[in-house]
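Single-structure report; data block below.
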Amino acid sequence: MNALVIYFSATGNTREVALMIAEQAGADIYEIKLQKPLPESEFGVYVKGISMMLKKKNPALKEDFPPLSAYDIVFIGTPVWGSKMAPPLKAFLEACPLGKQKIALFACYKASGYEGCFKDMREALKDQEIVGELALTDHLAYDSDCRANSVKAWLEKIDGE
Ligand SMILES: Cc1cc2nc3c(=O)[nH]c(=O)nc-3n(C[C@H](O)[C@H](O)[C@H](O)COP(=O)(O)O)c2cc1C
C-alpha cells in the first residue's frame, strides 16, 4: 500500500510522531508549512496560535501540495489547539481535498481535548473512511521508545483490520 503522512507541527511533537509513522510504515511524508513561519518561542507560538484560532480566515500555506491520488492510505496529524485541529491543517484540508484514500488520524496534546480534535477532523473528512486514531500526550515526548511502541502497536492494529 502506498502511504503518505501529512502533518502540521508548531513545536516538534507532531513532527516526531509523523517521522516515526513514516519510518515504520515506509510512508512518504509531507509537512504543512505556513507562508509566514511561526515564532521560535513556545510562548510566541501560543500567542500566534490563539490569534489564528480567533480569526475566521484560514492562514496562508505554502502551496507545494503532494499528489494525494498516488496514495492508498493517508495519515493526518496535528497538535490539539483549543480542543480542535490546528488551523493550518484545517486550511490544508480545505485547499487540498482527499479522494478515496483510507485515512488514519493522529494528534499530540498536552493535557486534554483530543476527542474534540478528532471530532473536528472527522467532520472535515466526513466523506472519507477513517481507519484509526492515535492521540499522544506530551508526557511521552520524554520517552521516545514509548512513543515509538505506541505508534508500532497502532500501525499493527490498522494493518490487521
Ligand atoms: C495555540 C495552542 C493551543 C493549544 N491547545 C491545547 C489544548 O486544547 N489541549 C491540550 O492538551 N494541549 C493544547 N496545546 C498544546 C499542544 O497541543 C501540545 O503541546 C502538542 O504536543 C504540540 O504539538 P507540536 O509540538 O507538534 O506543535 C495547545 C498549544 C497551542 C500552541
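All residue names refer to the C-alpha cells as shown: chains lettered A, B, ... in order, residues numbered from 1 in each chain, ligands numbered from 1 in order.
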| said: Applying 9 Å and only C-alpha atoms, which residues near stretch 79-82 of chain A remain after dropping the ones on its own chain fewer than 4 positions away? List them as JSON, numbers by chain. | reply: {"A": [7, 8, 9, 10, 11, 13, 14, 49, 50, 53, 86, 87, 106, 107, 108, 109, 110, 112, 113, 114, 116, 117]}
| request: Any chance you could list, as a VMD selection string, the residues in stretch 22-159 of chain A that come up alpha helix (DSSP H) when DSSP is run on the backbone? | output: chain A and resid 22 to 25 42 to 54 87 to 95 114 to 124 144 to 159
| task | Apply DSSP to the structure's backbone, then extract all residues of chain A labelled strand (DSSP E or B) and return them as a PyMOL selection string. | result | chain A and resi 3-7+28-31+34+61+73-81+84-85+102-109+129-137
| Nearest candidate to ligand 1 (options A:Tyr142, A:Phe92, A:Phe65, A:Trp154; using only C-alpha atoms and all ligand atoms) | A:Tyr142
| request: Could you give me, as a PyMOL selection string, the residues within 8 Å of stretch 126-133 of chain A, counting only C-alpha atoms and dropping anything in the same chain fewer than 6 positions from it? | output: chain A and resi 98-106+118+154+158
| request: Name all residues at most 10 Å from A:Pro97 (count only C-alpha atoms; drop same-chain ones fewer than 2 positions away) and give them as a PyMOL selection string. | output: chain A and resi 68+92-95+99+124-125
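One finds atom CA of A:Glu161 at 28.4 Å from atom CA of A:Ile32.
For the choices A:Met52, A:Ile21, A:Ile76, A:Ala91, the atom-to-atom distance to ligand 1 is smallest for A:Met52 when using only C-alpha atoms and all ligand atoms.
For the choices A:Ala27, A:Met20, A:Met1, A:Val74, the atom-to-atom distance to A:Lys152 is smallest for A:Met20 when using only C-alpha atoms.
Closest approach to ligand 1 among A:Ala25, A:Met85, A:Ile73, A:Ala3 is made by A:Met85 (distances from only C-alpha atoms and all ligand atoms).
Comparing A:Lys57, A:Lys84, A:Arg147, A:Lys157 by their smallest distance to ligand 1, the closest is A:Lys84 (using only C-alpha atoms and all ligand atoms).
Taking atom CA of A:Asp143 and atom CA of A:Glu115 as endpoints, the distance between them is 22.9 Å.
Put simply, atom CA of A:Leu4 is 4.7 Å away from atom CA of A:Asp28.
Of the residues listed (A:Ala70, A:Leu134, A:Ala148, A:Leu38), A:Ala148 shows the shortest atom-to-atom separation from A:Leu19; distances use only C-alpha atoms.
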